[in-house]
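What follows is one structure encoded as structure tokens, with my remarks underneath.
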Amino acid sequence: MNCGIMSLLSDTAFEDPWSSFFMDVLSPLSFVKVSSVRMQGLLLLFFAKHQHLPFVQILSTKSTPTGLFGYWGNKGGVNICLKLYGYYISIVNCHLPPHMANNDQRLEHFDRILEMQNFEGQDIPNILDHDLILWFGDMNFRIDDFGLHFVRESIKNRRYSDLWEKDQLSIAKRHDPLLREFQEGPLLFPPTYKFDKNSNNYDTSEKKRKPAWTDRILWRLKRQPQANPQTQRPPAPNFFLSLRSYVSHMMYCVSDHKPVTSTFDLELKPLVSTPPITLMPEGLWTMENVMLISYSLTPDFPSSPWDWIGLYKVGLRHINDYVSYVWVRDNQVSFSDGLSQVYFNISDIPETEGQFLLCYYSNNLHSVVGISKPFKIQPGSSLAEDPLGESQPHI
């Protein structure tokens, strides 16, 4: 991210360019931007397919600066903590101190970021008790001992395994029991740093920095209960993560780093299988009627006067992409036996064709807690202006 002052101000007022780009690419695939957190040059985005939205609850977003004795965010980490189908997941993006000699400082910053992911005053367990931690970023770990010529020759001949034993992160994991709990895929791609910009050539400047795997993706699953002494078998996991790919992308040349991606398969037995809200658009939606929406809620749902229902075109990019909305309490027309009805005014309905969705947004849970099946709105008479001029909800 560009962390210049003008860029920061612009991205505060408007959508940052990375968010806009990914929303353009991912929304046709039914992915919706759910949450984001930024600290200067660090940005973490979380997207989910819209059918998962009622089962994704964003619990916390946090920035942990570690630069300048913890006062400056040029180094540090950003975190999104969420519940997915009832499981706790923490996602951390980090930027650790650079340079070969600063390995101990990198490990100290790693520990500090981990220690700062506490959730005091909230009903959230310690991060080490979360079911999954995904941790990635520019960790800046280098390759010890080997000279520049040996490293470059090993890369040229694709003998990456010759370099693994001197990779600082791999060495640290052998000595640190907690760090050892973080897993990583095999480094079967060339070191991703440092390149001449706009090229695939490793550093040709006077400094001639030694190539290294600075950009890493780690994960940690919650410690499983020990095996039963009677059966000698651990209980079957209800939450299982497997790595599908771990690769670098050499075709991108805009940075002195090469980007790295991982793809995972996550298999889980849902702890929550019923959405808090079930939405049902009533009857045929046309431009000529008051539109009724029925919804039911689970007994323990924490409703709020500031809950609202948004009407979206299929392919929404973000929860603020509604084409219309109603405040649930203001537009409620009936309530009985856990079933409620609210209405949309004709003037609230867009005069456009296509498929639409309804989403119920919970102010207390800061998340979408119910989503309807896609439906169509039939064109009809022209729309009247909204006489109320209500303020729009914004997340």
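Scheme for the structure tokens: letters A, B, ... for chains in order shown; per-chain residue numbers from 1; ligand numbers from 1 in order shown.
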
Fill in: Residue contacts of Glu165 (chain A) (9 Å, only C-alpha atoms) excluding same-chain residues fewer than 5 positions away, as a count of residues only
4

Worksheet item: Residues at most 12 Å from Phe21 (chain A), counting only C-alpha atoms, excluding those fewer than 5 positions away in the same chain, as a VMD selection string?
Response: chain A and resid 15 to 16 26 to 27 33 45 317

Take the residues from that selection and put them in a file with all heavy atoms, as a PDB file, in the first residue's frame.
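Contents of again_21.pdb, as written:
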```
ATOM      1  N   GLU A  15     -12.891   4.416  -1.195  1.00  0.00           N
ATOM      2  CA  GLU A  15     -12.428   3.037  -1.155  1.00  0.00           C
ATOM      3  C   GLU A  15     -10.991   2.978  -1.644  1.00  0.00           C
ATOM      4  O   GLU A  15     -10.625   3.603  -2.639  1.00  0.00           O
ATOM      5  CB  GLU A  15     -13.321   2.173  -2.061  1.00  0.00           C
ATOM      6  CG  GLU A  15     -13.300   0.704  -1.711  1.00  0.00           C
ATOM      7  CD  GLU A  15     -14.127   0.390  -0.471  1.00  0.00           C
ATOM      8  OE1 GLU A  15     -15.340   0.633  -0.474  1.00  0.00           O
ATOM      9  OE2 GLU A  15     -13.529  -0.113   0.499  1.00  0.00           O
ATOM     10  N   ASP A  16     -10.133   2.241  -0.916  1.00  0.00           N
ATOM     11  CA  ASP A  16      -8.748   2.132  -1.354  1.00  0.00           C
ATOM     12  C   ASP A  16      -8.686   1.327  -2.658  1.00  0.00           C
ATOM     13  O   ASP A  16      -9.568   0.508  -2.950  1.00  0.00           O
ATOM     14  CB  ASP A  16      -7.880   1.476  -0.272  1.00  0.00           C
ATOM     15  CG  ASP A  16      -8.211   0.005  -0.081  1.00  0.00           C
ATOM     16  OD1 ASP A  16      -7.676  -0.820  -0.825  1.00  0.00           O
ATOM     17  OD2 ASP A  16      -9.027  -0.307   0.807  1.00  0.00           O
ATOM     18  N   LEU A  26     -13.976 -10.072  -7.734  1.00  0.00           N
ATOM     19  CA  LEU A  26     -14.587 -11.155  -6.966  1.00  0.00           C
ATOM     20  C   LEU A  26     -16.111 -11.112  -6.904  1.00  0.00           C
ATOM     21  O   LEU A  26     -16.748 -12.139  -6.714  1.00  0.00           O
ATOM     22  CB  LEU A  26     -14.030 -11.157  -5.541  1.00  0.00           C
ATOM     23  CG  LEU A  26     -12.540 -11.497  -5.413  1.00  0.00           C
ATOM     24  CD1 LEU A  26     -12.074 -11.344  -3.974  1.00  0.00           C
ATOM     25  CD2 LEU A  26     -12.269 -12.910  -5.899  1.00  0.00           C
ATOM     26  N   SER A  27     -16.718  -9.922  -7.055  1.00  0.00           N
ATOM     27  CA  SER A  27     -18.185  -9.864  -6.946  1.00  0.00           C
ATOM     28  C   SER A  27     -18.894 -10.699  -8.009  1.00  0.00           C
ATOM     29  O   SER A  27     -19.932 -11.316  -7.701  1.00  0.00           O
ATOM     30  CB  SER A  27     -18.672  -8.410  -6.976  1.00  0.00           C
ATOM     31  OG  SER A  27     -18.313  -7.763  -8.175  1.00  0.00           O
ATOM     32  N   LYS A  33     -17.182  -8.280   0.029  1.00  0.00           N
ATOM     33  CA  LYS A  33     -16.227  -7.767   1.015  1.00  0.00           C
ATOM     34  C   LYS A  33     -16.920  -7.651   2.362  1.00  0.00           C
ATOM     35  O   LYS A  33     -17.906  -6.936   2.508  1.00  0.00           O
ATOM     36  CB  LYS A  33     -15.685  -6.410   0.579  1.00  0.00           C
ATOM     37  CG  LYS A  33     -14.681  -5.815   1.566  1.00  0.00           C
ATOM     38  CD  LYS A  33     -14.272  -4.407   1.160  1.00  0.00           C
ATOM     39  CE  LYS A  33     -13.488  -3.718   2.264  1.00  0.00           C
ATOM     40  NZ  LYS A  33     -13.237  -2.297   1.987  1.00  0.00           N
ATOM     41  N   LEU A  45      -7.840  -7.690   3.862  1.00  0.00           N
ATOM     42  CA  LEU A  45      -9.215  -7.740   3.353  1.00  0.00           C
ATOM     43  C   LEU A  45      -9.774  -9.135   3.577  1.00  0.00           C
ATOM     44  O   LEU A  45      -9.072 -10.133   3.388  1.00  0.00           O
ATOM     45  CB  LEU A  45      -9.251  -7.426   1.852  1.00  0.00           C
ATOM     46  CG  LEU A  45      -8.677  -6.083   1.402  1.00  0.00           C
ATOM     47  CD1 LEU A  45      -8.596  -6.025  -0.118  1.00  0.00           C
ATOM     48  CD2 LEU A  45      -9.528  -4.943   1.927  1.00  0.00           C
ATOM     49  N   ARG A 317     -21.048  -6.043  -4.053  1.00  0.00           N
ATOM     50  CA  ARG A 317     -19.614  -6.001  -3.777  1.00  0.00           C
ATOM     51  C   ARG A 317     -19.331  -5.878  -2.287  1.00  0.00           C
ATOM     52  O   ARG A 317     -18.326  -6.367  -1.795  1.00  0.00           O
ATOM     53  CB  ARG A 317     -18.994  -4.794  -4.502  1.00  0.00           C
ATOM     54  CG  ARG A 317     -19.050  -4.854  -6.000  1.00  0.00           C
ATOM     55  CD  ARG A 317     -19.066  -3.456  -6.640  1.00  0.00           C
ATOM     56  NE  ARG A 317     -18.171  -2.501  -6.043  1.00  0.00           N
ATOM     57  CZ  ARG A 317     -16.949  -2.201  -6.483  1.00  0.00           C
ATOM     58  NH1 ARG A 317     -16.490  -2.822  -7.563  1.00  0.00           N
ATOM     59  NH2 ARG A 317     -16.199  -1.299  -5.887  1.00  0.00           N
TER      60      ARG A 317
END
```

Item to complete: Any chance you could list, as JSON, numbers by chain, the residues in region 22-65 of chain A that come up helix (DSSP H, G or I) when DSSP is run on the backbone?
Response: {"A": [22, 23, 24, 25, 26, 27, 28, 29, 50, 51, 52, 53, 54, 55]}

Fill in: Distance criterion (only C-alpha atoms): nearest to Phe55 (chain A) out of A:Arg38, A:His95, A:Lys83, A:Arg159
A:Lys83

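Computed from the coordinates, the CA of Ser362 (chain A) to CA of Ser296 (chain A) distance equals 13.7 Å.
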
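Considering only C-alpha atoms, the residue among A:His318, A:Arg329, A:Arg244, A:Lys49 positioned nearest to Pro305 (chain A) is A:Arg329.
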
Item to complete: List the neighbours of Asn363 (chain A) out to 9 Å using only C-alpha atoms; skip same-chain residues closer than 2 positions along the sequence, and give me the result as a list in words.
Response: Ser303, Ser304, Pro305, Trp306, Asp307, Trp308, Tyr361, Leu365, His366 and Ser367 of chain A

Same residues, N, CA, C and O atoms, output as a PDB file, in the first residue's frame:
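Output contents, as saved in again-v8.pdb:
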```pdb
ATOM      1  N   SER A 303     -31.662  -8.487  19.044  1.00  0.00           N
ATOM      2  CA  SER A 303     -32.149  -7.475  18.103  1.00  0.00           C
ATOM      3  C   SER A 303     -31.879  -6.074  18.637  1.00  0.00           C
ATOM      4  O   SER A 303     -31.676  -5.859  19.834  1.00  0.00           O
ATOM      5  N   SER A 304     -31.894  -5.105  17.706  1.00  0.00           N
ATOM      6  CA  SER A 304     -31.600  -3.714  18.043  1.00  0.00           C
ATOM      7  C   SER A 304     -32.514  -2.801  17.230  1.00  0.00           C
ATOM      8  O   SER A 304     -32.902  -3.141  16.110  1.00  0.00           O
ATOM      9  N   PRO A 305     -32.863  -1.624  17.767  1.00  0.00           N
ATOM     10  CA  PRO A 305     -33.646  -0.660  16.963  1.00  0.00           C
ATOM     11  C   PRO A 305     -32.909  -0.206  15.709  1.00  0.00           C
ATOM     12  O   PRO A 305     -33.531   0.330  14.794  1.00  0.00           O
ATOM     13  N   TRP A 306     -31.587  -0.431  15.676  1.00  0.00           N
ATOM     14  CA  TRP A 306     -30.789   0.020  14.536  1.00  0.00           C
ATOM     15  C   TRP A 306     -30.521  -1.098  13.531  1.00  0.00           C
ATOM     16  O   TRP A 306     -29.719  -0.923  12.619  1.00  0.00           O
ATOM     17  N   ASP A 307     -31.177  -2.236  13.683  1.00  0.00           N
ATOM     18  CA  ASP A 307     -31.092  -3.280  12.656  1.00  0.00           C
ATOM     19  C   ASP A 307     -31.796  -2.797  11.396  1.00  0.00           C
ATOM     20  O   ASP A 307     -32.788  -2.059  11.463  1.00  0.00           O
ATOM     21  N   TRP A 308     -31.298  -3.240  10.240  1.00  0.00           N
ATOM     22  CA  TRP A 308     -31.947  -2.841   8.994  1.00  0.00           C
ATOM     23  C   TRP A 308     -31.859  -3.959   7.970  1.00  0.00           C
ATOM     24  O   TRP A 308     -31.048  -4.887   8.084  1.00  0.00           O
ATOM     25  N   TYR A 361     -29.077  -6.867   8.446  1.00  0.00           N
ATOM     26  CA  TYR A 361     -27.837  -6.473   9.119  1.00  0.00           C
ATOM     27  C   TYR A 361     -28.105  -6.218  10.594  1.00  0.00           C
ATOM     28  O   TYR A 361     -28.984  -5.427  10.961  1.00  0.00           O
ATOM     29  N   LEU A 365     -24.331  -7.311  16.342  1.00  0.00           N
ATOM     30  CA  LEU A 365     -23.329  -8.296  15.916  1.00  0.00           C
ATOM     31  C   LEU A 365     -22.422  -7.771  14.814  1.00  0.00           C
ATOM     32  O   LEU A 365     -21.467  -8.441  14.421  1.00  0.00           O
ATOM     33  N   HIS A 366     -22.740  -6.572  14.283  1.00  0.00           N
ATOM     34  CA  HIS A 366     -21.925  -5.938  13.227  1.00  0.00           C
ATOM     35  C   HIS A 366     -21.740  -6.880  12.033  1.00  0.00           C
ATOM     36  O   HIS A 366     -20.652  -6.946  11.446  1.00  0.00           O
ATOM     37  N   SER A 367     -22.774  -7.596  11.679  1.00  0.00           N
ATOM     38  CA  SER A 367     -22.665  -8.608  10.626  1.00  0.00           C
ATOM     39  C   SER A 367     -24.020  -8.815   9.959  1.00  0.00           C
ATOM     40  O   SER A 367     -25.071  -8.520  10.538  1.00  0.00           O
TER      41      SER A 367
END
```

Find the residues around region 58-68 of chain A up to 9 Å (only C-alpha atoms counted), leave out those fewer than 3 positions away in its own chain, and share them as a PDB file with C-alpha atoms, in the first residue's frame.
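Contents of around_35.pdb, as written:
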```pdb
ATOM      1  CA  VAL A  34     -17.015  -8.420   4.667  1.00  0.00           C
ATOM      2  CA  SER A  35     -14.280  -6.614   6.566  1.00  0.00           C
ATOM      3  CA  SER A  36     -10.953  -4.807   6.243  1.00  0.00           C
ATOM      4  CA  VAL A  37      -8.306  -3.273   8.480  1.00  0.00           C
ATOM      5  CA  ARG A  38      -5.397  -1.032   7.508  1.00  0.00           C
ATOM      6  CA  MET A  39      -2.296   0.294   9.265  1.00  0.00           C
ATOM      7  CA  TYR A  71       4.380   3.971  18.381  1.00  0.00           C
ATOM      8  CA  TRP A  72       4.751   3.775  14.597  1.00  0.00           C
ATOM      9  CA  GLY A  73       2.859   1.506  12.214  1.00  0.00           C
ATOM     10  CA  ASN A  74       5.524   1.086   9.532  1.00  0.00           C
ATOM     11  CA  LYS A  75       6.107  -2.322  11.167  1.00  0.00           C
ATOM     12  CA  GLY A  76       3.670  -4.513  13.057  1.00  0.00           C
ATOM     13  CA  GLY A  77       0.505  -6.435  12.314  1.00  0.00           C
ATOM     14  CA  VAL A  78      -3.204  -6.104  11.559  1.00  0.00           C
ATOM     15  CA  ASN A  79      -5.762  -8.678  12.618  1.00  0.00           C
ATOM     16  CA  ILE A  80      -9.341  -9.676  11.813  1.00  0.00           C
ATOM     17  CA  CYS A  81     -10.956 -11.962  14.397  1.00  0.00           C
ATOM     18  CA  LEU A  82     -14.189 -13.681  13.361  1.00  0.00           C
ATOM     19  CA  LYS A  83     -16.497 -16.600  13.972  1.00  0.00           C
ATOM     20  CA  LEU A  84     -17.207 -18.903  11.030  1.00  0.00           C
ATOM     21  CA  LEU A  96       8.522  -7.485  10.472  1.00  0.00           C
ATOM     22  CA  PRO A  97      11.890  -5.657  10.732  1.00  0.00           C
ATOM     23  CA  HIS A 109       8.014  -8.432  17.043  1.00  0.00           C
ATOM     24  CA  ARG A 112       4.660  -8.920  20.582  1.00  0.00           C
ATOM     25  CA  ILE A 113       2.016  -9.011  17.844  1.00  0.00           C
ATOM     26  CA  MET A 116      -1.277  -7.975  21.780  1.00  0.00           C
ATOM     27  CA  GLN A 117      -4.112 -10.011  20.234  1.00  0.00           C
ATOM     28  CA  PHE A 119      -9.741  -9.303  23.695  1.00  0.00           C
ATOM     29  CA  GLN A 122     -15.101  -9.214  25.202  1.00  0.00           C
ATOM     30  CA  ILE A 124     -13.616 -13.958  22.965  1.00  0.00           C
ATOM     31  CA  LEU A 365     -23.329  -8.296  15.916  1.00  0.00           C
ATOM     32  CA  HIS A 366     -21.925  -5.938  13.227  1.00  0.00           C
ATOM     33  CA  SER A 367     -22.665  -8.608  10.626  1.00  0.00           C
TER      34      SER A 367
END
```

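Proximity to region 264-277 of chain A at 6 Å, evaluated using only C-alpha atoms and with sequence-adjacent residues fewer than 6 positions away removed, yields Pro54, Tyr85, Gly86, Asn238, Phe239, Phe240, Leu241, Ser242, Leu243, Arg244, Ser296, Leu297, Thr298, Val369 and Gly370 of chain A.
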
Go ahead and write the selection's residues with C-alpha atoms as an mmCIF file, in the first residue's frame.
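What landed in result_10.cif:
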```
data_model
loop_
_atom_site.group_PDB
_atom_site.id
_atom_site.type_symbol
_atom_site.label_atom_id
_atom_site.label_comp_id
_atom_site.auth_asym_id
_atom_site.auth_seq_id
_atom_site.Cartn_x
_atom_site.Cartn_y
_atom_site.Cartn_z
ATOM 1 C CA PRO A 54 -25.149 -15.279 7.951
ATOM 2 C CA TYR A 85 -20.041 -21.376 11.576
ATOM 3 C CA GLY A 86 -19.313 -21.044 15.308
ATOM 4 C CA ASN A 238 -14.514 -31.425 13.386
ATOM 5 C CA PHE A 239 -12.312 -28.713 11.877
ATOM 6 C CA PHE A 240 -9.689 -29.703 9.335
ATOM 7 C CA LEU A 241 -7.463 -27.536 7.118
ATOM 8 C CA SER A 242 -5.408 -28.853 4.220
ATOM 9 C CA LEU A 243 -3.030 -26.968 1.957
ATOM 10 C CA ARG A 244 -3.823 -27.158 -1.737
ATOM 11 C CA SER A 296 -38.190 -15.224 11.675
ATOM 12 C CA LEU A 297 -35.451 -15.004 14.282
ATOM 13 C CA THR A 298 -33.854 -17.444 16.680
ATOM 14 C CA VAL A 369 -27.252 -12.443 9.948
ATOM 15 C CA GLY A 370 -29.822 -13.373 7.318
#
```

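Nearest residue to Ile91 (chain A) among A:Pro374, A:Ser20, A:Trp219, A:Asp162 is A:Trp219, counting only C-alpha atoms.
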
Worksheet item: Any idea what's packed within 12 Å of Arg216 (chain A), counting only C-alpha atoms, ignoring anything in its chain fewer than 6 positions away? Could you give it as a PyMOL selection string?
Response: chain A and resi 92-96+134-142+167+169-170+182-187+189+191-193+246-248+257-262

Based on the selection just made, write N, CA and C atoms of those residues as a JSON list (two decimals), in the first residue's frame.
```
[["chain", "number", "residue", "atom", "x", "y", "z"],
["A", 92, "VAL", "N", -3.98, -12.73, 10.49],
["A", 92, "VAL", "CA", -2.99, -11.70, 10.80],
["A", 92, "VAL", "C", -2.13, -11.44, 9.56],
["A", 93, "ASN", "N", -2.00, -10.17, 9.22],
["A", 93, "ASN", "CA", -1.06, -9.73, 8.18],
["A", 93, "ASN", "C", 0.02, -8.91, 8.89],
["A", 94, "CYS", "N", 1.31, -9.19, 8.61],
["A", 94, "CYS", "CA", 2.35, -8.52, 9.36],
["A", 94, "CYS", "C", 3.47, -8.02, 8.46],
["A", 95, "HIS", "N", 4.25, -7.08, 8.98],
["A", 95, "HIS", "CA", 5.48, -6.60, 8.35],
["A", 95, "HIS", "C", 6.52, -6.50, 9.46],
["A", 96, "LEU", "N", 7.51, -7.39, 9.43],
["A", 96, "LEU", "CA", 8.52, -7.48, 10.47],
["A", 96, "LEU", "C", 9.79, -6.74, 10.07],
["A", 134, "LEU", "N", -4.44, -17.84, 10.80],
["A", 134, "LEU", "CA", -3.73, -17.66, 9.52],
["A", 134, "LEU", "C", -2.82, -16.45, 9.70],
["A", 135, "TRP", "N", -1.53, -16.65, 9.47],
["A", 135, "TRP", "CA", -0.55, -15.58, 9.72],
["A", 135, "TRP", "C", 0.35, -15.46, 8.49],
["A", 136, "PHE", "N", 0.38, -14.28, 7.91],
["A", 136, "PHE", "CA", 1.17, -14.12, 6.68],
["A", 136, "PHE", "C", 1.71, -12.70, 6.58],
["A", 137, "GLY", "N", 2.56, -12.47, 5.59],
["A", 137, "GLY", "CA", 3.06, -11.12, 5.34],
["A", 137, "GLY", "C", 4.54, -11.12, 5.00],
["A", 138, "ASP", "N", 5.09, -9.91, 4.96],
["A", 138, "ASP", "CA", 6.52, -9.72, 4.72],
["A", 138, "ASP", "C", 7.23, -9.91, 6.06],
["A", 139, "MET", "N", 7.63, -11.15, 6.33],
["A", 139, "MET", "CA", 8.25, -11.47, 7.61],
["A", 139, "MET", "C", 9.74, -11.15, 7.63],
["A", 140, "ASN", "N", 10.32, -10.96, 6.45],
["A", 140, "ASN", "CA", 11.70, -10.48, 6.32],
["A", 140, "ASN", "C", 12.75, -11.46, 6.83],
["A", 141, "PHE", "N", 12.42, -12.74, 7.03],
["A", 141, "PHE", "CA", 13.44, -13.71, 7.41],
["A", 141, "PHE", "C", 14.40, -13.94, 6.24],
["A", 142, "ARG", "N", 15.68, -14.12, 6.55],
["A", 142, "ARG", "CA", 16.73, -14.22, 5.54],
["A", 142, "ARG", "C", 17.37, -15.60, 5.55],
["A", 167, "ASP", "N", 17.46, -21.17, 6.34],
["A", 167, "ASP", "CA", 16.38, -20.19, 6.38],
["A", 167, "ASP", "C", 16.09, -19.84, 7.84],
["A", 169, "LEU", "N", 13.60, -18.52, 9.50],
["A", 169, "LEU", "CA", 12.33, -18.93, 10.08],
["A", 169, "LEU", "C", 12.35, -20.43, 10.38],
["A", 170, "SER", "N", 12.90, -21.23, 9.48],
["A", 170, "SER", "CA", 12.98, -22.68, 9.71],
["A", 170, "SER", "C", 13.86, -22.98, 10.91],
["A", 182, "PHE", "N", 3.14, -23.38, 14.31],
["A", 182, "PHE", "CA", 2.70, -22.79, 13.05],
["A", 182, "PHE", "C", 3.26, -23.61, 11.90],
["A", 183, "GLN", "N", 2.36, -24.06, 11.05],
["A", 183, "GLN", "CA", 2.77, -24.88, 9.91],
["A", 183, "GLN", "C", 2.97, -24.02, 8.67],
["A", 184, "GLU", "N", 3.71, -24.56, 7.71],
["A", 184, "GLU", "CA", 3.94, -23.87, 6.44],
["A", 184, "GLU", "C", 4.11, -24.92, 5.36],
["A", 185, "GLY", "N", 3.67, -24.59, 4.16],
["A", 185, "GLY", "CA", 3.88, -25.48, 3.04],
["A", 185, "GLY", "C", 5.35, -25.50, 2.62],
["A", 186, "PRO", "N", 5.76, -26.47, 1.79],
["A", 186, "PRO", "CA", 7.16, -26.55, 1.34],
["A", 186, "PRO", "C", 7.51, -25.38, 0.44],
["A", 187, "LEU", "N", 8.72, -24.85, 0.60],
["A", 187, "LEU", "CA", 9.20, -23.73, -0.21],
["A", 187, "LEU", "C", 9.74, -24.27, -1.53],
["A", 189, "PHE", "N", 9.32, -22.78, -4.43],
["A", 189, "PHE", "CA", 9.39, -21.67, -5.38],
["A", 189, "PHE", "C", 10.63, -20.83, -5.05],
["A", 191, "PRO", "N", 13.17, -17.86, -3.93],
["A", 191, "PRO", "CA", 13.06, -16.77, -2.95],
["A", 191, "PRO", "C", 12.43, -15.53, -3.60],
["A", 192, "THR", "N", 11.60, -14.86, -2.84],
["A", 192, "THR", "CA", 10.75, -13.80, -3.40],
["A", 192, "THR", "C", 11.30, -12.39, -3.20],
["A", 193, "TYR", "N", 12.53, -12.28, -2.71],
["A", 193, "TYR", "CA", 13.16, -10.98, -2.44],
["A", 193, "TYR", "C", 14.66, -11.15, -2.62],
["A", 246, "TYR", "N", 0.86, -23.56, -2.59],
["A", 246, "TYR", "CA", 1.70, -22.54, -1.96],
["A", 246, "TYR", "C", 2.73, -22.14, -3.00],
["A", 247, "VAL", "N", 2.50, -21.00, -3.64],
["A", 247, "VAL", "CA", 3.30, -20.64, -4.83],
["A", 247, "VAL", "C", 3.62, -19.14, -4.82],
["A", 248, "SER", "N", 4.66, -18.79, -5.57],
["A", 248, "SER", "CA", 4.95, -17.39, -5.86],
["A", 248, "SER", "C", 4.53, -17.11, -7.30],
["A", 257, "HIS", "N", 9.56, -7.28, -4.32],
["A", 257, "HIS", "CA", 9.12, -8.60, -3.86],
["A", 257, "HIS", "C", 8.26, -9.25, -4.94],
["A", 258, "LYS", "N", 8.17, -10.57, -4.90],
["A", 258, "LYS", "CA", 7.20, -11.31, -5.71],
["A", 258, "LYS", "C", 6.06, -11.76, -4.79],
["A", 259, "PRO", "N", 4.82, -11.63, -5.25],
["A", 259, "PRO", "CA", 3.70, -12.03, -4.38],
["A", 259, "PRO", "C", 3.64, -13.55, -4.19],
["A", 260, "VAL", "N", 3.09, -13.94, -3.05],
["A", 260, "VAL", "CA", 2.94, -15.35, -2.69],
["A", 260, "VAL", "C", 1.48, -15.60, -2.34],
["A", 261, "THR", "N", 0.94, -16.72, -2.80],
["A", 261, "THR", "CA", -0.45, -17.07, -2.45],
["A", 261, "THR", "C", -0.52, -18.51, -1.94],
["A", 262, "SER", "N", -1.51, -18.75, -1.11],
["A", 262, "SER", "CA", -1.86, -20.11, -0.68],
["A", 262, "SER", "C", -3.34, -20.33, -0.90]]
```
